[in-house]
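Asker: Pasting in a structure now, in structure tokens, and then I'll have a few things to ask.
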Amino acid sequence: MRTTRTALAAALAAVLLAGCGSGDDGERDDAGRGPDGGHATPRLDVPPAFDGGRGWDEEAGRMPSATDTEPVVAVGGTVAHVEPSGDGYAVRVRDGATGEVRWTSTAQRLPVTDPDAPGGSGGPRLTAVRQGDRTYLALWAVGERTDGALSDEKEVVRIGVYPLDASGDSVAPLHDVQVPVNTQEGSVQARDGGAGLLLSWRSAGEHRAVVDPGTGRVTRYDDPAALIPDCDSAMCAGSAVVAVTPEGPVVGGTSGGIRVPGGWSGEDIAPEGVETGRTFVSGEQNGTLAGVRDGMFVARWRAADAADAYVWSAHDLASGRLLASTVCDDDGPDAPGEPVASPNGTRLGLGAVLFDVEAGTGRCLAAEDGRPGVTVTAVTDDGTAYGTTSSGAGAVVPKGTGTPEALPGGTLVPAAALDEGALFVRRGDDGALRLSVRRAR
């Protein structure tokens with residue numbers, strides 16, 4: 001990719017702008033977080049659509065710093081995060097509007113980390129997975145395998161699964177799952193795969209495992225080419241499972257092409273302006289899955305009329321049905337990422353593309369005519385988007401014009417949009433994770 005990797009790094013830097021305050025050992029007072037709770041709310045420099053002095057704040061404690069994401073998710077009207085607790089870590093879920101605690105999990109100990117292992121995760125992670133009409137939270141981390149089994153897989157991913165609609169002060173995981181992995185060729189990734197939590201790692205080939213959050217069952221896909229009935233070496237060598245539908249896995253080729261064996265294929269669902277069924281001179285097939293969110297996925301296609309142009313599209317994951325598309329001269333991330341969504345689920349963004357899946361329209365925010373491109377970090381229900389440019393500057397894309405505008409210098413960029421506000425995430429000078437929600441004006 002060209003500018004996207006830089007833009008993603010800039011987005012992370014923007015939401016991690018240094019904040020005030022320090023963390024502690026996880027033993028904290030859960031009394032008021034703002035005007036509604038009796039504590040003064042510090043005024044923050046936020047975009048004009050939000051009131052910098054109204055909302056709530058939370059110090060989540062000193063957390064190991066991961067390289068690509070923070071253990072915080074905004075989903076279903078809540079803000080969920082990981083915090084130190086005793087000799088482990090706990091999940092705490094707060095009401096997004098008030099900051100009141102809805103529930104807290106029991107403390108979970110993470111697997112011991114080998115400091116020399118190349119694929120260490122850098123700390124606990126938190127991933128939201130929607131399965132049907134229910135949402136789950138997965139607290140996961142990578143560490144050393146200690147069961148003594150003779151295997152090439154020396155590490156393990158430990159995953160605690162919690163339903164988002166849980167309640168209580170010491171919620172035990174619905175499932176405590178351990179998946180053996182090998183990190184010698186890189187780190188393990190976990191993301192919403194559609195019908196489950198999708199783990200991916202590389203060890204003499206691409207490996208995938210899917211954890212069903214409802215049952216805790218683990219399904220491994222170490223030979224995805226075998227899933228394709230009409231596979232031949234030219235068409236499916238190096239294939240990998242890139243998502244999971246209720247009808248089965250979505251298989252993507254190493255040179256493009258996506259399909260659900262026995263279900264939909266890229267040739268059936270491609271948007272206009274894309275040649276389907278074509279094998280390029282280099283062996284590339286058209287269609288690459290770029291990310292999954294809330295039962296939808298974003299795909300990237302080579303445009304039919306230009307070698308360096310792309311068509312981006314949003315689809316229903318179960319059926320493959322096209323929801324929206326746009327032409328955008330941006331080749332996107334090298335590996336599937338996590339799209340951002342509006343609270344009501346009608347807007348979907350990934351990198352420099354933004355979709356209104358209800359209206360069936362798309363928008364490209366890539367660099368154009370001297371204007372820097374924007375990487376979307378949050379989108380509201382009315383379609384206003386926020387993000388950063390490749391230089392790290394904050395930007396807003398108003399719902400009316402669709403043209404990116406620079407935010408004032410020093411303005412915090414939303415990490416996620418909420419029903420009546422936005423979430424801002426940053427680190428204090430001592431490494432404490434700080435969460436702030438500011439209300440819409």
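Numbering starts fresh at 1 for the residues of each chain in the structure tokens, the chains themselves are lettered A, B, ... in the order given, and ligands are numbered from 1 as they appear.
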If we count only C-alpha atoms, what is near Thr380 (chain A) at a cut-off of 10 Å, once residues fewer than 5 positions away on the same chain are taken out, given as a list of chain:residue names?
Answerer: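 With the cut-off at 10 Å, the set is A:Ala341, A:Ser342, A:Pro343, A:Asn344, A:Gly345, A:Thr346, A:Arg347, A:Leu348, A:Ala385, A:Tyr386, A:Lys399, A:Ala416, A:Ala417, A:Leu418, A:Asp419, A:Glu420, A:Gly421, A:Ala422.
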Asker: List the neighbours of Val397 (chain A) out to 12 Å using only C-alpha atoms; skip same-chain residues closer than 6 positions along the sequence, and give me the result as a PyMOL selection string.
Answerer: chain A and resi 47+49+352-354+363-365+373-380+382-389+403-407
Asker: Limited to N, CA and C atoms, could you put the picked residues into a file as a compact mmCIF listing (two decimals), in the first residue's frame?
Answerer:
```
# COMPACT_ATOMS: atom_id res chain seq x y z
N PRO A 47 -13.61 18.30 18.96
CA PRO A 47 -14.25 18.94 17.81
C PRO A 47 -15.46 19.76 18.22
N ALA A 49 -18.48 19.92 17.47
CA ALA A 49 -19.78 19.27 17.63
C ALA A 49 -19.98 18.71 19.03
N ALA A 352 -9.73 4.99 3.97
CA ALA A 352 -10.17 6.23 3.32
C ALA A 352 -11.52 6.10 2.64
N VAL A 353 -12.29 5.05 2.96
CA VAL A 353 -13.61 4.90 2.34
C VAL A 353 -14.68 4.93 3.41
N LEU A 354 -15.84 5.46 3.01
CA LEU A 354 -16.95 5.65 3.93
C LEU A 354 -18.24 5.28 3.20
N ARG A 363 -18.26 6.95 -0.36
CA ARG A 363 -17.48 8.16 -0.52
C ARG A 363 -16.00 7.83 -0.37
N CYS A 364 -15.17 8.45 -1.20
CA CYS A 364 -13.73 8.25 -1.14
C CYS A 364 -13.08 9.48 -0.51
N LEU A 365 -12.24 9.25 0.50
CA LEU A 365 -11.56 10.33 1.20
C LEU A 365 -10.05 10.27 0.97
N GLY A 373 -5.28 12.84 2.17
CA GLY A 373 -6.29 11.84 2.43
C GLY A 373 -6.62 11.76 3.92
N VAL A 374 -7.77 11.17 4.22
CA VAL A 374 -8.23 11.03 5.61
C VAL A 374 -8.46 9.56 5.92
N THR A 375 -7.90 9.10 7.04
CA THR A 375 -8.18 7.76 7.57
C THR A 375 -9.27 7.90 8.61
N VAL A 376 -10.41 7.25 8.39
CA VAL A 376 -11.57 7.41 9.26
C VAL A 376 -11.36 6.67 10.57
N THR A 377 -11.60 7.37 11.69
CA THR A 377 -11.52 6.74 13.02
C THR A 377 -12.89 6.64 13.69
N ALA A 378 -13.85 7.46 13.27
CA ALA A 378 -15.19 7.44 13.88
C ALA A 378 -16.18 8.05 12.91
N VAL A 379 -17.44 7.59 12.98
CA VAL A 379 -18.49 8.14 12.14
C VAL A 379 -19.79 8.16 12.95
N THR A 380 -20.50 9.27 12.89
CA THR A 380 -21.73 9.43 13.65
C THR A 380 -22.93 8.93 12.85
N ASP A 382 -25.40 10.55 11.74
CA ASP A 382 -25.82 11.42 10.63
C ASP A 382 -24.81 11.43 9.49
N GLY A 383 -23.72 10.68 9.62
CA GLY A 383 -22.75 10.58 8.53
C GLY A 383 -21.54 11.46 8.67
N THR A 384 -21.45 12.28 9.72
CA THR A 384 -20.25 13.08 9.94
C THR A 384 -19.12 12.15 10.36
N ALA A 385 -17.99 12.27 9.69
CA ALA A 385 -16.86 11.38 9.97
C ALA A 385 -15.70 12.17 10.53
N TYR A 386 -14.88 11.50 11.34
CA TYR A 386 -13.67 12.08 11.91
C TYR A 386 -12.50 11.15 11.60
N GLY A 387 -11.32 11.76 11.49
CA GLY A 387 -10.14 10.95 11.20
C GLY A 387 -8.89 11.79 11.23
N THR A 388 -7.82 11.25 10.67
CA THR A 388 -6.54 11.94 10.63
C THR A 388 -5.96 11.86 9.22
N THR A 389 -5.10 12.81 8.94
CA THR A 389 -4.38 12.81 7.67
C THR A 389 -3.04 12.11 7.86
N THR A 403 -16.71 17.03 2.21
CA THR A 403 -15.35 17.48 1.93
C THR A 403 -14.57 17.59 3.23
N PRO A 404 -13.43 16.91 3.35
CA PRO A 404 -12.67 16.97 4.60
C PRO A 404 -12.22 18.38 4.95
N GLU A 405 -12.30 18.71 6.25
CA GLU A 405 -11.86 19.99 6.76
C GLU A 405 -10.92 19.75 7.94
N ALA A 406 -9.90 20.58 8.06
CA ALA A 406 -8.94 20.42 9.15
C ALA A 406 -9.57 20.85 10.47
N LEU A 407 -9.28 20.10 11.54
CA LEU A 407 -9.67 20.50 12.88
C LEU A 407 -8.60 21.43 13.44
```
Asker: For region 86-92 of chain A, please output as number ranges by chain all residues within 7 Å (counting only C-alpha atoms; exclusion window: fewer than 6 positions along the same chain).
Answerer: A: 80, 103-110
Asker: Deliver the residues from the most recent selection as a file, using C-alpha atoms, as a CSV table (one decimal), in the first residue's frame.
Answerer:
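Output file result-v8.csv follows:
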```
chain,number,residue,atom,x,y,z
A,80,ALA,CA,-15.8,-1.6,27.5
A,103,TRP,CA,-20.7,-4.9,35.1
A,104,THR,CA,-17.2,-5.9,35.9
A,105,SER,CA,-15.6,-9.3,35.3
A,106,THR,CA,-13.5,-11.4,37.6
A,107,ALA,CA,-9.8,-10.9,37.4
A,108,GLN,CA,-8.2,-13.1,34.7
A,109,ARG,CA,-4.5,-14.1,34.8
A,110,LEU,CA,-2.8,-13.9,31.4
```
Asker: My list of candidates is A:Gly61, A:Phe50, A:Ala309, A:Val73. Which is closest to Asp429 (chain A) when distances are computed with only C-alpha atoms?
Answerer: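 So, comparing all the options, the nearest one is A:Gly61.
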Asker: Among region 263-436 of chain A, which residues carry a DSSP assignment of strand (DSSP E or B), reported as number ranges by chain?
Answerer: A: 265, 274, 279, 285, 288-293, 296-303, 310-316, 322-327, 337, 340-341, 347-350, 353-356, 361-364, 368, 371, 375-379, 385-388, 394-397, 405-406, 416-418, 421-428, 432-436
Asker: For Leu174 (chain A), which residue among A:Asp308, A:Asp212, A:Glu155, A:Asp430 is the nearest when counting only C-alpha atoms?
Answerer: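 Checking each of A:Asp308, A:Asp212, A:Glu155, A:Asp430 against Leu174 (chain A), counting only C-alpha atoms, the winner is A:Asp212.
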Asker: Could you give me, as a ChimeraX atom specification, the residues within 10 Å of region 126-131 of chain A, counting only C-alpha atoms and dropping anything in the same chain fewer than 4 positions from it?
Answerer: /A:69-76,80-82,91,135-141,159-164,190-198,212-214,245-246,292-295
Asker: Please write the residues from the selection above to a file, keeping C-alpha atoms, as a PDB file, in the first residue's frame.
Answerer:
```pdb
ATOM      1  CA  THR A  69      -4.591  -0.841  19.368  1.00  0.00           C
ATOM      2  CA  GLU A  70      -5.805  -0.121  22.877  1.00  0.00           C
ATOM      3  CA  PRO A  71      -7.959  -2.538  24.955  1.00  0.00           C
ATOM      4  CA  VAL A  72     -11.070  -0.373  24.595  1.00  0.00           C
ATOM      5  CA  VAL A  73     -14.188  -0.896  22.474  1.00  0.00           C
ATOM      6  CA  ALA A  74     -17.379   1.138  22.074  1.00  0.00           C
ATOM      7  CA  VAL A  75     -20.283  -1.135  21.206  1.00  0.00           C
ATOM      8  CA  GLY A  76     -24.008  -1.376  21.858  1.00  0.00           C
ATOM      9  CA  ALA A  80     -15.812  -1.553  27.520  1.00  0.00           C
ATOM     10  CA  HIS A  81     -12.197  -1.594  28.606  1.00  0.00           C
ATOM     11  CA  VAL A  82      -9.556  -3.717  30.313  1.00  0.00           C
ATOM     12  CA  VAL A  91     -13.148  -6.274  31.816  1.00  0.00           C
ATOM     13  CA  THR A 135     -22.685  -9.248  21.084  1.00  0.00           C
ATOM     14  CA  TYR A 136     -19.752 -10.729  23.001  1.00  0.00           C
ATOM     15  CA  LEU A 137     -16.482  -9.367  24.349  1.00  0.00           C
ATOM     16  CA  ALA A 138     -13.294 -11.407  24.037  1.00  0.00           C
ATOM     17  CA  LEU A 139     -10.408 -10.654  26.421  1.00  0.00           C
ATOM     18  CA  TRP A 140      -7.347 -12.305  24.900  1.00  0.00           C
ATOM     19  CA  ALA A 141      -3.575 -12.474  25.184  1.00  0.00           C
ATOM     20  CA  ILE A 159      -9.456 -16.078  25.492  1.00  0.00           C
ATOM     21  CA  GLY A 160     -12.127 -15.174  28.008  1.00  0.00           C
ATOM     22  CA  VAL A 161     -15.549 -14.705  26.380  1.00  0.00           C
ATOM     23  CA  TYR A 162     -18.210 -12.514  28.022  1.00  0.00           C
ATOM     24  CA  PRO A 163     -21.707 -11.573  26.808  1.00  0.00           C
ATOM     25  CA  LEU A 164     -22.044  -7.809  26.482  1.00  0.00           C
ATOM     26  CA  ALA A 190      -7.727 -11.636  16.591  1.00  0.00           C
ATOM     27  CA  ARG A 191     -10.708  -9.786  15.146  1.00  0.00           C
ATOM     28  CA  ASP A 192     -14.412 -10.038  14.480  1.00  0.00           C
ATOM     29  CA  GLY A 193     -14.657 -12.669  11.780  1.00  0.00           C
ATOM     30  CA  GLY A 194     -18.420 -12.476  11.387  1.00  0.00           C
ATOM     31  CA  ALA A 195     -19.835 -15.567  13.056  1.00  0.00           C
ATOM     32  CA  GLY A 196     -16.979 -15.832  15.548  1.00  0.00           C
ATOM     33  CA  LEU A 197     -13.657 -14.528  16.810  1.00  0.00           C
ATOM     34  CA  LEU A 198     -11.114 -15.134  14.045  1.00  0.00           C
ATOM     35  CA  ASP A 212     -17.661 -19.576  18.514  1.00  0.00           C
ATOM     36  CA  PRO A 213     -18.513 -17.084  21.298  1.00  0.00           C
ATOM     37  CA  GLY A 214     -21.839 -18.740  22.008  1.00  0.00           C
ATOM     38  CA  THR A 245     -20.543 -16.794   7.835  1.00  0.00           C
ATOM     39  CA  PRO A 246     -23.362 -18.858   9.367  1.00  0.00           C
ATOM     40  CA  VAL A 292     -15.706  -7.346   8.908  1.00  0.00           C
ATOM     41  CA  ARG A 293     -17.986  -5.451  11.266  1.00  0.00           C
ATOM     42  CA  ASP A 294     -21.495  -6.120  12.626  1.00  0.00           C
ATOM     43  CA  GLY A 295     -22.437  -8.757  10.066  1.00  0.00           C
TER      44      GLY A 295
END
```
Asker: Env of region 257-272 of chain A: 8 Å cut, atoms = only C-alpha atoms, seq-sep filter 5 positions within chain, self excluded. Answer as a list of chain:residue names.
Answerer: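 That gives A:Leu227, A:Ile228, A:Pro229, A:Glu247, A:Gly248, A:Pro249, A:Val250, A:Val251, A:Gly252, A:Gly277, A:Glu284, A:Gln285, A:Asn286, A:Gly287, A:Thr288, A:Leu289, A:Val311, A:Ser313, A:Ser319, A:Gly320, A:Arg321, A:Leu322, A:Ser325.
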Asker: Find the residues near Arg438 (chain A): any atom within 7 Å, counting only C-alpha atoms, skip ones fewer than 2 places away on the same chain, and give them as an mmCIF file with all heavy atoms, in the first residue's frame.
Answerer:
```
data_model
loop_
_atom_site.group_PDB
_atom_site.id
_atom_site.type_symbol
_atom_site.label_atom_id
_atom_site.label_comp_id
_atom_site.auth_asym_id
_atom_site.auth_seq_id
_atom_site.Cartn_x
_atom_site.Cartn_y
_atom_site.Cartn_z
ATOM 1 N N PHE A 50 -18.893 18.668 19.842
ATOM 2 C CA PHE A 50 -18.978 18.100 21.184
ATOM 3 C C PHE A 50 -18.624 19.156 22.220
ATOM 4 O O PHE A 50 -17.839 20.073 21.954
ATOM 5 C CB PHE A 50 -18.048 16.890 21.304
ATOM 6 C CG PHE A 50 -18.268 15.871 20.228
ATOM 7 C CD1 PHE A 50 -17.416 15.797 19.125
ATOM 8 C CD2 PHE A 50 -19.346 15.005 20.274
ATOM 9 C CE1 PHE A 50 -17.625 14.881 18.114
ATOM 10 C CE2 PHE A 50 -19.578 14.087 19.268
ATOM 11 C CZ PHE A 50 -18.708 14.014 18.179
ATOM 12 N N ASP A 51 -19.199 19.031 23.400
ATOM 13 C CA ASP A 51 -18.944 19.953 24.494
ATOM 14 C C ASP A 51 -17.769 19.431 25.309
ATOM 15 O O ASP A 51 -17.884 18.397 25.971
ATOM 16 C CB ASP A 51 -20.194 20.067 25.375
ATOM 17 C CG ASP A 51 -20.080 21.155 26.434
ATOM 18 O OD1 ASP A 51 -18.937 21.462 26.848
ATOM 19 O OD2 ASP A 51 -21.118 21.675 26.850
ATOM 20 N N GLY A 52 -16.655 20.149 25.266
ATOM 21 C CA GLY A 52 -15.447 19.690 25.935
ATOM 22 C C GLY A 52 -15.539 19.619 27.438
ATOM 23 O O GLY A 52 -14.673 19.018 28.090
ATOM 24 N N ARG A 54 -18.546 18.616 29.167
ATOM 25 C CA ARG A 54 -19.675 17.790 29.605
ATOM 26 C C ARG A 54 -19.451 16.349 29.181
ATOM 27 O O ARG A 54 -19.251 16.069 27.998
ATOM 28 C CB ARG A 54 -20.991 18.302 29.016
ATOM 29 C CG ARG A 54 -21.371 19.711 29.473
ATOM 30 C CD ARG A 54 -22.648 20.184 28.809
ATOM 31 N NE ARG A 54 -23.793 19.376 29.177
ATOM 32 C CZ ARG A 54 -24.546 18.694 28.323
ATOM 33 N NH1 ARG A 54 -24.262 18.692 27.031
ATOM 34 N NH2 ARG A 54 -25.586 17.999 28.740
ATOM 35 N N GLY A 55 -19.480 15.466 30.174
ATOM 36 C CA GLY A 55 -19.288 14.052 29.894
ATOM 37 C C GLY A 55 -18.718 13.343 31.100
ATOM 38 O O GLY A 55 -19.019 13.689 32.245
ATOM 39 N N TRP A 56 -17.900 12.353 30.868
ATOM 40 C CA TRP A 56 -17.275 11.622 31.972
ATOM 41 C C TRP A 56 -15.884 11.154 31.580
ATOM 42 O O TRP A 56 -15.542 11.081 30.393
ATOM 43 C CB TRP A 56 -18.141 10.446 32.420
ATOM 44 C CG TRP A 56 -18.487 9.424 31.369
ATOM 45 C CD1 TRP A 56 -19.590 9.407 30.580
ATOM 46 C CD2 TRP A 56 -17.730 8.246 31.027
ATOM 47 N NE1 TRP A 56 -19.576 8.314 29.734
ATOM 48 C CE2 TRP A 56 -18.443 7.580 29.999
ATOM 49 C CE3 TRP A 56 -16.530 7.691 31.466
ATOM 50 C CZ2 TRP A 56 -17.998 6.391 29.424
ATOM 51 C CZ3 TRP A 56 -16.085 6.497 30.893
ATOM 52 C CH2 TRP A 56 -16.813 5.868 29.887
ATOM 53 N N GLY A 421 -22.631 11.386 21.751
ATOM 54 C CA GLY A 421 -21.315 11.908 22.077
ATOM 55 C C GLY A 421 -20.219 11.172 21.345
ATOM 56 O O GLY A 421 -20.452 10.550 20.296
ATOM 57 N N ALA A 422 -19.012 11.236 21.904
ATOM 58 C CA ALA A 422 -17.865 10.581 21.282
ATOM 59 C C ALA A 422 -16.886 10.147 22.359
ATOM 60 O O ALA A 422 -16.796 10.755 23.428
ATOM 61 C CB ALA A 422 -17.172 11.520 20.293
ATOM 62 N N LEU A 423 -16.143 9.096 22.063
ATOM 63 C CA LEU A 423 -15.137 8.550 22.965
ATOM 64 C C LEU A 423 -13.758 9.004 22.514
ATOM 65 O O LEU A 423 -13.427 8.946 21.323
ATOM 66 C CB LEU A 423 -15.196 7.021 22.951
ATOM 67 C CG LEU A 423 -14.059 6.271 23.648
ATOM 68 C CD1 LEU A 423 -14.090 6.505 25.154
ATOM 69 C CD2 LEU A 423 -14.127 4.772 23.321
ATOM 70 N N SER A 436 -12.262 9.196 27.906
ATOM 71 C CA SER A 436 -13.107 10.371 28.093
ATOM 72 C C SER A 436 -14.249 10.316 27.087
ATOM 73 O O SER A 436 -14.031 10.032 25.909
ATOM 74 C CB SER A 436 -12.314 11.665 27.880
ATOM 75 O OG SER A 436 -11.275 11.794 28.835
ATOM 76 N N ALA A 440 -22.505 15.357 22.794
ATOM 77 C CA ALA A 440 -22.789 16.183 21.615
ATOM 78 C C ALA A 440 -23.489 17.466 22.061
ATOM 79 O O ALA A 440 -24.239 17.479 23.042
ATOM 80 C CB ALA A 440 -23.647 15.414 20.635
#
```
Asker: Quick one: of A:Ala240, A:Met296, A:Leu317, A:Val46, who's nearest to Gly256 (chain A), counting only C-alpha atoms?
Answerer: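 Looking only at the distances to Gly256 (chain A), the closest residue turns out to be A:Ala240.
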Asker: Enumerate as a PyMOL selection string all residues of region 186-387 of chain A assigned to helix (DSSP H, G or I) by DSSP on the backbone, naming them with the chain letters and numbers the document uses.
Answerer: chain A and resi 224-227+233-236+266-269
Asker: Figure out the distance between CA of Ala324 (chain A) and CA of Gly362 (chain A), please, to one decimal in Å.
Answerer: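 It comes out at 6.0 Å.
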Asker: Give the answer as one residue: which of A:Ala415, A:Ser390, A:Leu323, A:Gly410 has the shortest atom-to-atom distance to Pro372 (chain A), using only C-alpha atoms?
Answerer: A:Ser390
